[in-house]
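Chemist: Enclosed is the structure file upload_28.txt (compact mmCIF, N, CA and C atoms).
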# COMPACT_ATOMS: atom_id res chain seq x y z
N MET A 1 37.29 131.14 97.59
CA MET A 1 35.86 131.33 97.72
C MET A 1 35.31 130.20 98.58
N PHE A 2 34.37 130.53 99.44
CA PHE A 2 33.77 129.54 100.31
C PHE A 2 32.43 129.10 99.76
N ARG A 3 32.11 127.83 99.96
CA ARG A 3 30.79 127.31 99.65
C ARG A 3 30.04 127.17 100.98
N ILE A 4 28.73 127.17 100.93
CA ILE A 4 27.93 127.03 102.15
C ILE A 4 28.34 125.78 102.90
N SER A 5 28.58 124.68 102.19
CA SER A 5 28.93 123.42 102.85
C SER A 5 30.25 123.53 103.61
N ASP A 6 31.12 124.48 103.24
CA ASP A 6 32.38 124.66 103.94
C ASP A 6 32.17 125.01 105.41
N PHE A 7 31.06 125.68 105.71
CA PHE A 7 30.81 126.10 107.08
C PHE A 7 30.44 124.94 107.99
N ASP A 8 30.19 123.77 107.41
CA ASP A 8 29.91 122.58 108.20
C ASP A 8 31.19 121.82 108.54
N SER A 9 32.32 122.27 108.01
CA SER A 9 33.57 121.56 108.24
C SER A 9 34.18 121.97 109.57
N PRO A 10 35.13 121.17 110.07
CA PRO A 10 35.78 121.50 111.34
C PRO A 10 36.63 122.76 111.29
N ARG A 11 36.89 123.29 110.07
CA ARG A 11 37.69 124.51 109.97
C ARG A 11 36.95 125.72 110.53
N PHE A 12 35.62 125.64 110.63
CA PHE A 12 34.82 126.76 111.07
C PHE A 12 34.19 126.47 112.42
N SER A 13 34.20 127.46 113.30
CA SER A 13 33.53 127.29 114.58
C SER A 13 32.98 128.63 115.02
N GLU A 14 31.92 128.57 115.80
CA GLU A 14 31.36 129.79 116.35
C GLU A 14 31.83 129.93 117.79
N SER A 15 32.15 131.13 118.15
CA SER A 15 32.57 131.40 119.53
C SER A 15 31.93 132.71 119.96
N GLY A 16 32.16 133.10 121.18
CA GLY A 16 31.62 134.36 121.67
C GLY A 16 32.16 135.55 120.89
N ALA A 17 33.31 135.40 120.26
CA ALA A 17 33.93 136.49 119.51
C ALA A 17 33.52 136.47 118.04
N GLY A 18 32.63 135.58 117.65
CA GLY A 18 32.20 135.51 116.26
C GLY A 18 32.73 134.26 115.59
N ILE A 19 32.59 134.21 114.29
CA ILE A 19 33.05 133.04 113.53
C ILE A 19 34.56 133.10 113.36
N ARG A 20 35.19 131.98 113.58
CA ARG A 20 36.64 131.88 113.38
C ARG A 20 36.89 130.85 112.30
N ILE A 21 37.84 131.14 111.44
CA ILE A 21 38.24 130.21 110.41
C ILE A 21 39.62 129.72 110.76
N SER A 22 39.75 128.42 110.86
CA SER A 22 41.05 127.84 111.15
C SER A 22 41.86 127.79 109.88
N ASP A 23 43.07 128.32 109.93
CA ASP A 23 43.96 128.33 108.78
C ASP A 23 45.24 127.62 109.16
N GLN A 24 45.35 126.37 108.74
CA GLN A 24 46.52 125.55 109.02
C GLN A 24 46.82 125.51 110.52
N GLY A 25 45.79 125.27 111.29
CA GLY A 25 45.98 125.08 112.71
C GLY A 25 45.79 126.31 113.57
N SER A 26 45.73 127.51 112.99
CA SER A 26 45.54 128.71 113.80
C SER A 26 44.20 129.35 113.42
N ALA A 27 43.51 129.91 114.42
CA ALA A 27 42.21 130.52 114.18
C ALA A 27 42.40 131.95 113.69
N MET A 28 41.59 132.35 112.73
CA MET A 28 41.60 133.72 112.23
C MET A 28 40.34 134.41 112.73
N ASP A 29 40.51 135.54 113.34
CA ASP A 29 39.39 136.29 113.88
C ASP A 29 38.82 137.19 112.79
N LEU A 30 37.65 136.85 112.29
CA LEU A 30 37.03 137.61 111.21
C LEU A 30 36.58 139.00 111.66
N GLU A 31 36.53 139.23 112.96
CA GLU A 31 36.17 140.56 113.46
C GLU A 31 37.38 141.48 113.56
N ASN A 32 38.55 140.96 113.33
CA ASN A 32 39.79 141.74 113.40
C ASN A 32 40.04 142.42 112.06
N PRO A 33 40.07 143.75 112.01
CA PRO A 33 40.34 144.44 110.74
C PRO A 33 41.68 144.03 110.13
N GLY A 34 42.64 143.63 110.94
CA GLY A 34 43.94 143.19 110.43
C GLY A 34 43.82 141.97 109.54
N TYR A 35 42.90 141.08 109.86
CA TYR A 35 42.66 139.90 109.02
C TYR A 35 42.23 140.35 107.63
N TRP A 36 41.31 141.29 107.56
CA TRP A 36 40.78 141.75 106.28
C TRP A 36 41.84 142.53 105.50
N ARG A 37 42.65 143.35 106.20
CA ARG A 37 43.72 144.08 105.52
C ARG A 37 44.71 143.11 104.89
N LYS A 38 45.05 142.04 105.61
CA LYS A 38 45.99 141.04 105.09
C LYS A 38 45.40 140.35 103.85
N LEU A 39 44.14 140.00 103.92
CA LEU A 39 43.46 139.35 102.80
C LEU A 39 43.43 140.27 101.57
N ILE A 40 43.09 141.52 101.78
CA ILE A 40 43.06 142.51 100.69
C ILE A 40 44.47 142.71 100.14
N ASN A 41 45.44 142.83 101.03
CA ASN A 41 46.83 143.04 100.63
C ASN A 41 47.31 141.92 99.71
N GLN A 42 47.01 140.68 100.08
CA GLN A 42 47.45 139.54 99.28
C GLN A 42 46.86 139.59 97.88
N GLY A 43 45.62 140.00 97.77
CA GLY A 43 44.98 140.08 96.47
C GLY A 43 45.46 141.25 95.63
N MET A 44 45.85 142.32 96.28
CA MET A 44 46.24 143.53 95.57
C MET A 44 47.69 143.53 95.09
N ILE A 45 48.54 142.76 95.75
CA ILE A 45 49.96 142.80 95.41
C ILE A 45 50.19 142.46 93.94
N LYS A 46 49.57 141.40 93.44
CA LYS A 46 49.79 141.01 92.04
C LYS A 46 49.27 142.10 91.09
N PHE A 47 48.14 142.71 91.44
CA PHE A 47 47.62 143.80 90.60
C PHE A 47 48.62 144.96 90.56
N PHE A 48 49.11 145.38 91.73
CA PHE A 48 50.05 146.50 91.75
C PHE A 48 51.39 146.14 91.12
N LEU A 49 51.78 144.87 91.19
CA LEU A 49 52.98 144.41 90.50
C LEU A 49 52.81 144.62 88.99
N LEU A 50 51.67 144.21 88.46
CA LEU A 50 51.38 144.43 87.05
C LEU A 50 51.36 145.93 86.73
N LYS A 51 50.76 146.72 87.61
CA LYS A 51 50.67 148.17 87.42
C LYS A 51 52.06 148.79 87.33
N VAL A 52 52.96 148.39 88.23
CA VAL A 52 54.32 148.93 88.21
C VAL A 52 55.00 148.63 86.89
N LEU A 53 54.93 147.39 86.45
CA LEU A 53 55.59 147.02 85.20
C LEU A 53 54.91 147.65 83.99
N TYR A 54 53.62 147.87 84.07
CA TYR A 54 52.90 148.53 82.98
C TYR A 54 53.29 149.99 82.90
N LYS A 55 53.33 150.64 84.05
CA LYS A 55 53.61 152.08 84.09
C LYS A 55 55.09 152.39 83.91
N ASP A 56 55.96 151.63 84.56
CA ASP A 56 57.39 151.92 84.54
C ASP A 56 58.11 151.24 83.38
N LYS A 57 57.44 150.40 82.66
CA LYS A 57 57.98 149.65 81.52
C LYS A 57 58.90 148.50 81.93
N GLU A 58 59.80 148.71 82.89
CA GLU A 58 60.66 147.64 83.38
C GLU A 58 61.14 148.01 84.78
N SER A 59 61.48 146.99 85.57
CA SER A 59 61.96 147.24 86.92
C SER A 59 62.57 145.97 87.48
N TYR A 60 63.10 146.08 88.71
CA TYR A 60 63.71 144.95 89.40
C TYR A 60 63.10 144.84 90.80
N GLY A 61 63.35 143.71 91.47
CA GLY A 61 62.70 143.36 92.73
C GLY A 61 62.53 144.45 93.76
N TYR A 62 63.64 144.99 94.27
CA TYR A 62 63.55 145.99 95.34
C TYR A 62 62.78 147.22 94.89
N LYS A 63 63.05 147.67 93.68
CA LYS A 63 62.37 148.86 93.16
C LYS A 63 60.88 148.59 92.99
N ILE A 64 60.52 147.38 92.56
CA ILE A 64 59.11 147.01 92.43
C ILE A 64 58.41 147.09 93.79
N VAL A 65 59.06 146.56 94.82
CA VAL A 65 58.50 146.60 96.17
C VAL A 65 58.21 148.05 96.58
N LYS A 66 59.19 148.93 96.38
CA LYS A 66 59.03 150.33 96.78
C LYS A 66 57.94 151.03 95.96
N ARG A 67 57.86 150.73 94.67
CA ARG A 67 56.84 151.34 93.83
C ARG A 67 55.43 150.85 94.19
N ILE A 68 55.31 149.58 94.57
CA ILE A 68 54.00 149.06 95.01
C ILE A 68 53.56 149.80 96.26
N GLU A 69 54.47 149.99 97.21
CA GLU A 69 54.14 150.75 98.42
C GLU A 69 53.69 152.16 98.05
N GLU A 70 54.40 152.77 97.13
CA GLU A 70 54.08 154.14 96.71
C GLU A 70 52.73 154.21 96.00
N LEU A 71 52.53 153.35 95.02
CA LEU A 71 51.28 153.38 94.24
C LEU A 71 50.06 153.00 95.08
N SER A 72 50.26 152.16 96.09
CA SER A 72 49.14 151.75 96.94
C SER A 72 48.99 152.64 98.16
N GLU A 73 49.78 153.72 98.19
CA GLU A 73 49.78 154.65 99.33
C GLU A 73 49.99 153.92 100.65
N GLY A 74 50.87 152.90 100.61
CA GLY A 74 51.23 152.17 101.81
C GLY A 74 50.30 151.03 102.18
N LEU A 75 49.19 150.86 101.46
CA LEU A 75 48.27 149.76 101.77
C LEU A 75 48.95 148.42 101.57
N CYS A 76 49.66 148.27 100.46
CA CYS A 76 50.37 147.02 100.17
C CYS A 76 51.85 147.22 100.48
N ARG A 77 52.36 146.36 101.33
CA ARG A 77 53.78 146.41 101.67
C ARG A 77 54.39 145.03 101.44
N PRO A 78 54.59 144.70 100.18
CA PRO A 78 55.13 143.37 99.90
C PRO A 78 56.61 143.29 100.28
N THR A 79 57.06 142.09 100.45
CA THR A 79 58.48 141.85 100.66
C THR A 79 59.03 141.26 99.36
N GLU A 80 60.33 141.24 99.24
CA GLU A 80 60.92 140.62 98.06
C GLU A 80 60.55 139.14 98.00
N SER A 81 60.33 138.52 99.16
CA SER A 81 59.97 137.10 99.18
C SER A 81 58.55 136.85 98.67
N THR A 82 57.71 137.89 98.59
CA THR A 82 56.39 137.72 97.97
C THR A 82 56.42 138.16 96.51
N ILE A 83 57.30 139.10 96.18
CA ILE A 83 57.38 139.61 94.82
C ILE A 83 58.00 138.59 93.87
N TYR A 84 59.11 137.97 94.29
CA TYR A 84 59.81 137.07 93.38
C TYR A 84 58.97 135.85 92.96
N PRO A 85 58.23 135.22 93.86
CA PRO A 85 57.36 134.12 93.39
C PRO A 85 56.28 134.61 92.40
N ALA A 86 55.74 135.80 92.64
CA ALA A 86 54.74 136.35 91.72
C ALA A 86 55.37 136.65 90.36
N LEU A 87 56.58 137.19 90.38
CA LEU A 87 57.28 137.45 89.12
C LEU A 87 57.58 136.14 88.38
N GLU A 88 57.94 135.12 89.13
CA GLU A 88 58.23 133.82 88.52
C GLU A 88 56.96 133.24 87.90
N GLN A 89 55.82 133.40 88.56
CA GLN A 89 54.54 132.93 87.99
C GLN A 89 54.25 133.66 86.69
N LEU A 90 54.47 134.96 86.68
CA LEU A 90 54.23 135.74 85.47
C LEU A 90 55.19 135.33 84.36
N LYS A 91 56.43 135.03 84.74
CA LYS A 91 57.42 134.58 83.74
C LYS A 91 56.99 133.23 83.16
N LYS A 92 56.64 132.27 84.02
CA LYS A 92 56.22 130.95 83.55
C LYS A 92 54.96 131.02 82.71
N GLY A 93 54.10 131.98 83.01
CA GLY A 93 52.86 132.16 82.25
C GLY A 93 53.09 132.85 80.91
N GLY A 94 54.30 133.34 80.70
CA GLY A 94 54.62 134.01 79.45
C GLY A 94 54.18 135.46 79.39
N TYR A 95 54.09 136.12 80.56
CA TYR A 95 53.62 137.51 80.62
C TYR A 95 54.73 138.53 80.82
N VAL A 96 55.90 138.08 81.28
CA VAL A 96 57.03 138.98 81.47
C VAL A 96 58.27 138.42 80.79
N GLU A 97 59.13 139.34 80.43
CA GLU A 97 60.44 138.99 79.91
C GLU A 97 61.46 139.44 80.94
N VAL A 98 62.53 138.68 81.05
CA VAL A 98 63.55 138.96 82.06
C VAL A 98 64.90 139.08 81.38
N ARG A 99 65.64 140.09 81.77
CA ARG A 99 67.02 140.21 81.31
C ARG A 99 67.89 140.49 82.52
N LYS A 100 69.14 140.16 82.43
CA LYS A 100 70.08 140.39 83.52
C LYS A 100 70.93 141.62 83.22
N GLU A 101 71.19 142.37 84.29
CA GLU A 101 71.98 143.59 84.17
C GLU A 101 72.99 143.63 85.29
N SER A 102 74.24 143.90 84.97
CA SER A 102 75.28 143.99 85.99
C SER A 102 75.15 145.31 86.74
N ALA A 103 75.27 145.21 88.06
CA ALA A 103 75.23 146.38 88.93
C ALA A 103 76.38 146.22 89.92
N GLY A 104 77.57 146.57 89.48
CA GLY A 104 78.74 146.34 90.32
C GLY A 104 79.01 144.86 90.40
N ALA A 105 79.12 144.36 91.62
CA ALA A 105 79.38 142.93 91.83
C ALA A 105 78.10 142.10 91.73
N ARG A 106 76.95 142.77 91.70
CA ARG A 106 75.66 142.07 91.67
C ARG A 106 75.09 142.04 90.26
N VAL A 107 74.22 141.09 90.05
CA VAL A 107 73.47 141.00 88.80
C VAL A 107 72.00 141.16 89.15
N LYS A 108 71.35 142.15 88.53
CA LYS A 108 69.92 142.37 88.74
C LYS A 108 69.13 141.71 87.63
N LYS A 109 67.99 141.17 88.02
CA LYS A 109 67.04 140.69 87.02
C LYS A 109 66.06 141.83 86.76
N ILE A 110 65.98 142.24 85.52
CA ILE A 110 65.08 143.32 85.12
C ILE A 110 63.87 142.68 84.45
N TYR A 111 62.70 143.02 84.96
CA TYR A 111 61.44 142.45 84.47
C TYR A 111 60.68 143.47 83.66
N ALA A 112 60.08 143.02 82.57
CA ALA A 112 59.25 143.88 81.71
C ALA A 112 58.06 143.07 81.21
N LEU A 113 56.90 143.70 81.19
CA LEU A 113 55.73 143.04 80.62
C LEU A 113 55.89 142.94 79.11
N ASN A 114 55.51 141.82 78.54
CA ASN A 114 55.42 141.71 77.09
C ASN A 114 53.98 142.06 76.71
N GLU A 115 53.61 141.91 75.45
CA GLU A 115 52.27 142.29 75.03
C GLU A 115 51.20 141.49 75.77
N SER A 116 51.44 140.20 76.01
CA SER A 116 50.48 139.39 76.78
C SER A 116 50.34 139.94 78.20
N GLY A 117 51.44 140.33 78.81
CA GLY A 117 51.41 140.90 80.15
C GLY A 117 50.67 142.22 80.22
N ARG A 118 50.86 143.05 79.19
CA ARG A 118 50.13 144.33 79.15
C ARG A 118 48.63 144.08 79.00
N SER A 119 48.29 143.05 78.23
CA SER A 119 46.89 142.68 78.06
C SER A 119 46.30 142.19 79.39
N VAL A 120 47.09 141.40 80.14
CA VAL A 120 46.65 140.91 81.45
C VAL A 120 46.42 142.10 82.39
N TYR A 121 47.33 143.08 82.38
CA TYR A 121 47.14 144.26 83.24
C TYR A 121 45.84 144.98 82.87
N ARG A 122 45.61 145.18 81.58
CA ARG A 122 44.39 145.88 81.17
C ARG A 122 43.14 145.11 81.61
N ALA A 123 43.17 143.77 81.51
CA ALA A 123 42.03 142.95 81.96
C ALA A 123 41.83 143.08 83.47
N ALA A 124 42.95 143.07 84.23
CA ALA A 124 42.86 143.21 85.69
C ALA A 124 42.32 144.59 86.05
N ALA A 125 42.82 145.63 85.37
CA ALA A 125 42.35 146.99 85.66
C ALA A 125 40.86 147.12 85.37
N LYS A 126 40.41 146.50 84.30
CA LYS A 126 38.98 146.54 83.96
C LYS A 126 38.16 145.83 85.04
N ALA A 127 38.63 144.67 85.48
CA ALA A 127 37.91 143.92 86.53
C ALA A 127 37.84 144.72 87.82
N TYR A 128 38.97 145.31 88.23
CA TYR A 128 38.96 146.13 89.45
C TYR A 128 38.06 147.35 89.26
N GLY A 129 38.07 147.94 88.07
CA GLY A 129 37.21 149.09 87.79
C GLY A 129 35.74 148.75 87.91
N GLU A 130 35.39 147.53 87.59
CA GLU A 130 33.99 147.10 87.70
C GLU A 130 33.60 146.80 89.13
N ILE A 131 34.53 146.28 89.93
CA ILE A 131 34.18 145.86 91.29
C ILE A 131 34.24 147.03 92.29
N ILE A 132 35.09 148.01 92.05
CA ILE A 132 35.27 149.09 93.02
C ILE A 132 33.96 149.84 93.32
N PRO A 133 33.17 150.22 92.31
CA PRO A 133 31.89 150.89 92.64
C PRO A 133 30.98 149.99 93.50
N LEU A 134 30.99 148.69 93.24
CA LEU A 134 30.17 147.77 94.04
C LEU A 134 30.69 147.69 95.48
N LEU A 135 32.01 147.71 95.63
CA LEU A 135 32.58 147.70 96.97
C LEU A 135 32.22 148.99 97.72
N ARG A 136 32.30 150.13 97.03
CA ARG A 136 31.94 151.39 97.67
C ARG A 136 30.50 151.35 98.18
N GLU A 137 29.62 150.80 97.36
CA GLU A 137 28.23 150.68 97.77
C GLU A 137 28.06 149.70 98.92
N ALA A 138 28.79 148.59 98.85
CA ALA A 138 28.67 147.55 99.86
C ALA A 138 29.17 147.98 101.23
N ILE A 139 30.15 148.88 101.29
CA ILE A 139 30.71 149.26 102.58
C ILE A 139 29.95 150.40 103.26
N MET A 140 28.96 150.95 102.59
CA MET A 140 28.15 151.99 103.20
C MET A 140 27.37 151.38 104.37
N LEU A 141 27.58 151.91 105.55
CA LEU A 141 26.89 151.40 106.75
C LEU A 141 25.59 152.11 107.00
Could you spell out this file's structure in structure tokens?
Modeler:
Amino acid sequence: MFRISDFDSPRFSESGAGIRISDQGSAMDLENPGYWRKLINQGMIKFFLLKVLYKDKESYGYKIVKRIEELSEGLCRPTESTIYPALEQLKKGGYVEVRKESAGARVKKIYALNESGRSVYRAAAKAYGEIIPLLREAIML
């Protein structure tokens, strides 16, 4: 979240193309729809991760990635490198349980929400349910 005073910092500048926000040395074009899709995608991945584990009861990395793509109708396309850190955060927070399962020569980590994790999903779903009507209204041109 940005504060008004943030716009006085060197990270922000005005140009002929609009306001640009510098992110670790590179400028982000706020007029580019791709910037907004990426921002939305980052926020939605954890929600859809919770949704997959809530709906499917348990799953593993690659399958979670594919289910997120499916449930988000392709809007979110996470990689395993974004899923595993999120799963680790949920594990450290005490929201998922992990068990190992042999799959030939490989060992899969199977993730499942525990009761705290299911409660977190319900809270997230409620929050998104409250904001979506406001977003629909806000995007009306």
Chemist: Using all atoms listed in the file, determine which residues lie at most 6.5 Å from A:Glu80, disregarding the query and same-chain residues fewer than 2 positions distant; provide the list as a ChimeraX atom specification.
Modeler: /A:61-62,65,78,82-85
Chemist: In Å to one decimal, how far is atom C of A:Glu70 from atom CA of A:Ser119?
Modeler: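 Separation between atom CA of A:Ser119 and atom C of A:Glu70: 22.1 Å.
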Chemist: Write down as a ChimeraX atom specification the residues of stretch 2-140 of chain A whose backbone DSSP state falls under alpha helix (DSSP H).
Modeler: /A:33-56,61-71,80-92,115-138
Chemist: For the atom pair atom CA of A:Glu73 and atom CA of A:Gly93, what is the interatomic distance in Å to one decimal place?
Modeler: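 Between atom CA of A:Glu73 and atom CA of A:Gly93 the gap is 28.4 Å.
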Chemist: Please list as JSON, numbers by chain every residue within 6 Å of stretch 39-56 of chain A, counting only N, CA and C atoms and excluding residues in the same chain fewer than 3 positions away.
Modeler: {"A": [34, 35, 36, 59, 68, 75, 76, 112, 113, 121]}
Chemist: Taking into account all atoms listed in the file, which residue in the set A:Ser102, A:Ser72, A:Ala86, A:Val96 is nearest to A:Arg118?
Modeler: A:Val96
Chemist: By how many Å are atom CA of A:Leu71 and atom C of A:Glu31 apart?
Modeler: 26.6 Å
